[in-house]
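Student: One structure follows; several queries about it will come next.
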Amino acid sequence: LKVHDVYRPMSQMSLRMPFWALWVEDLGLEVLQHEKWERRRDLSDVVFKAATEHDLPYAATSRVETKNLPKGYILANGTSNNLIKLGMFYGEIWESLQHTTNFSYWMIPSIDGRWGSKYSNGSWNGMVGMIQRGEIDIAPCSFYLTAER
């Protein structure tokens, strides 16, 4: 009996079912790959919508030249005039994750230059609001704990 690892990298994507183990009646379970994250590390068809902000000394942002895109960077509709890349400490982590898992992405600055504060009506501004509204998937930057967050 073949055993498959069944997962979906993102909600709108189809299921992935890599072969994971074999059940043999006399021998029991024979696992082919031990680490779940080794089986799930190929995100080659995942595109992350990202936003970040300049936050020294951890993060520095700079404009992206469309003729010289970083590895994994794609041009998204309507964002080509506002594309940025992330540098310094968080940029190194982001780049390492991208190289390891092979995802694609585009990155823009926060819509209003803020990280995220809650309004009295329950909505959020900044990158937290962008995530809440589905405008981005991830915000690789420093988020400090507040009572609302």
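Residues in the structure tokens are named by chain (A, B, ... in the order shown) and by number from 1 within that chain; ligands are numbered from 1 in the order shown.
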Could the residues of region 15-91 of chain A that have an atom at most 12 Å from region 114-125 of chain A be listed as CSV, each with its closest atom pair and the distance in Å to one decimal, counting only C-alpha atoms and ordered by chain and ascending residue number?

Tutor:
```
residue,atom,partner,partner_atom,distance
A:Ala51,CA,A:Trp115,CA,9.8
A:Thr52,CA,A:Trp115,CA,8.3
A:Glu53,CA,A:Arg114,CA,7.8
A:His54,CA,A:Arg114,CA,10.2
A:Asp55,CA,A:Trp115,CA,10.5
```

Student: Could you pull out the alpha helix (DSSP H) residues of chain A, going by DSSP on the backbone, and write them as number ranges by chain?

Tutor: A: 36-39, 88-101, 126-132

Student: Restricting it to N, CA and C atoms, dump the selection as a compact mmCIF listing (two decimals), in the first residue's frame.

Tutor:
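The result, stored in out-v2.txt:
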```txt
# COMPACT_ATOMS: atom_id res chain seq x y z
N LYS A 36 9.20 16.07 6.82
CA LYS A 36 8.06 16.67 6.12
C LYS A 36 8.50 17.89 5.33
N TRP A 37 9.37 18.71 5.91
CA TRP A 37 9.75 19.96 5.25
C TRP A 37 10.66 19.71 4.06
N GLU A 38 11.34 18.58 4.02
CA GLU A 38 12.10 18.22 2.81
C GLU A 38 11.14 17.87 1.68
N ARG A 39 10.05 17.18 2.00
CA ARG A 39 9.07 16.82 0.97
C ARG A 39 8.30 18.04 0.48
N MET A 88 19.48 43.92 3.87
CA MET A 88 20.00 43.79 5.24
C MET A 88 19.55 42.46 5.86
N PHE A 89 19.37 42.42 7.17
CA PHE A 89 19.12 41.16 7.88
C PHE A 89 17.87 40.44 7.37
N TYR A 90 16.72 41.12 7.33
CA TYR A 90 15.49 40.46 6.85
C TYR A 90 15.58 40.13 5.37
N GLY A 91 16.31 40.93 4.62
CA GLY A 91 16.51 40.64 3.21
C GLY A 91 17.31 39.37 3.00
N GLU A 92 18.31 39.16 3.85
CA GLU A 92 19.10 37.93 3.75
C GLU A 92 18.26 36.71 4.10
N ILE A 93 17.41 36.83 5.12
CA ILE A 93 16.52 35.72 5.48
C ILE A 93 15.55 35.45 4.33
N TRP A 94 14.94 36.49 3.78
CA TRP A 94 13.99 36.35 2.67
C TRP A 94 14.66 35.68 1.48
N GLU A 95 15.85 36.13 1.13
CA GLU A 95 16.57 35.57 -0.01
C GLU A 95 16.90 34.10 0.23
N SER A 96 17.32 33.77 1.44
CA SER A 96 17.64 32.39 1.78
C SER A 96 16.40 31.49 1.68
N LEU A 97 15.27 31.97 2.20
CA LEU A 97 14.01 31.20 2.08
C LEU A 97 13.62 31.01 0.61
N GLN A 98 13.76 32.06 -0.18
CA GLN A 98 13.41 31.97 -1.60
C GLN A 98 14.29 30.96 -2.32
N HIS A 99 15.59 30.99 -2.05
CA HIS A 99 16.51 30.04 -2.70
C HIS A 99 16.23 28.61 -2.25
N THR A 100 15.90 28.43 -0.97
CA THR A 100 15.66 27.09 -0.42
C THR A 100 14.36 26.49 -0.93
N THR A 101 13.30 27.30 -0.97
CA THR A 101 11.98 26.76 -1.31
C THR A 101 11.53 27.08 -2.73
N GLY A 126 -1.96 50.08 7.23
CA GLY A 126 -0.63 49.50 7.05
C GLY A 126 -0.63 48.11 6.46
N MET A 127 0.47 47.41 6.71
CA MET A 127 0.63 46.06 6.14
C MET A 127 -0.31 45.05 6.78
N VAL A 128 -0.66 45.24 8.04
CA VAL A 128 -1.64 44.35 8.67
C VAL A 128 -2.98 44.47 7.92
N GLY A 129 -3.38 45.69 7.59
CA GLY A 129 -4.60 45.91 6.81
C GLY A 129 -4.50 45.31 5.42
N MET A 130 -3.33 45.40 4.80
CA MET A 130 -3.14 44.82 3.47
C MET A 130 -3.32 43.31 3.51
N ILE A 131 -2.80 42.67 4.57
CA ILE A 131 -3.00 41.23 4.74
C ILE A 131 -4.47 40.94 5.00
N GLN A 132 -5.10 41.71 5.86
CA GLN A 132 -6.51 41.51 6.21
C GLN A 132 -7.41 41.61 4.96
```

Student: Here is a test: counting only C-alpha atoms, which residue of A:Thr66, A:Thr146, A:Gln12, A:Ser104 is nearest to Phe48 (chain A)?

Tutor: A:Ser104

Student: Taking only C-alpha atoms into account, name the residue in A:Ala60, A:Val47, A:Ile138, A:Leu145 that is nearest to Gly72 (chain A).

Tutor: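 Result for the nearest residue to Gly72 (chain A): A:Val47.
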
Student: Would you mind listing what lies within 9 Å of Lys2 (chain A) as JSON, numbers by chain, with only C-alpha atoms counted and same-chain residues fewer than 6 positions away left out?

Tutor: {"A": [19, 20, 21, 22, 23, 24]}

Student: May I ask for the distance between CA of Ile74 (chain A) and CA of Asp5 (chain A), given in Å to one decimal place?

Tutor: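 So the answer is 29.2 Å.
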
Student: In Å to one decimal, how far is CA of Ile84 (chain A) from CA of Phe103 (chain A)?

Tutor: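 Rounded to one decimal, the two atoms are 16.9 Å apart.
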
Student: Can you measure CA of Leu43 (chain A) to CA of Asn102 (chain A) for me? One decimal in Å is fine.

Tutor: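 Separation between CA of Leu43 (chain A) and CA of Asn102 (chain A): 5.4 Å.
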
Student: May I have all residues of chain A that DSSP, computed from the backbone, assigns to strand (DSSP E or B), given as a count of residues only?

Tutor: 41

Student: Considering only C-alpha atoms, can you say which of A:Pro9, A:Leu69, A:Pro57, A:Phe143 comes closest to Asp42 (chain A)?

Tutor: A:Pro9

Student: A:Leu32, A:Val3, A:Ala147, A:Met107: which is nearest Glu135 (chain A), counting only C-alpha atoms?

Tutor: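 With only C-alpha atoms as the atom set, the closest residue is A:Met107.
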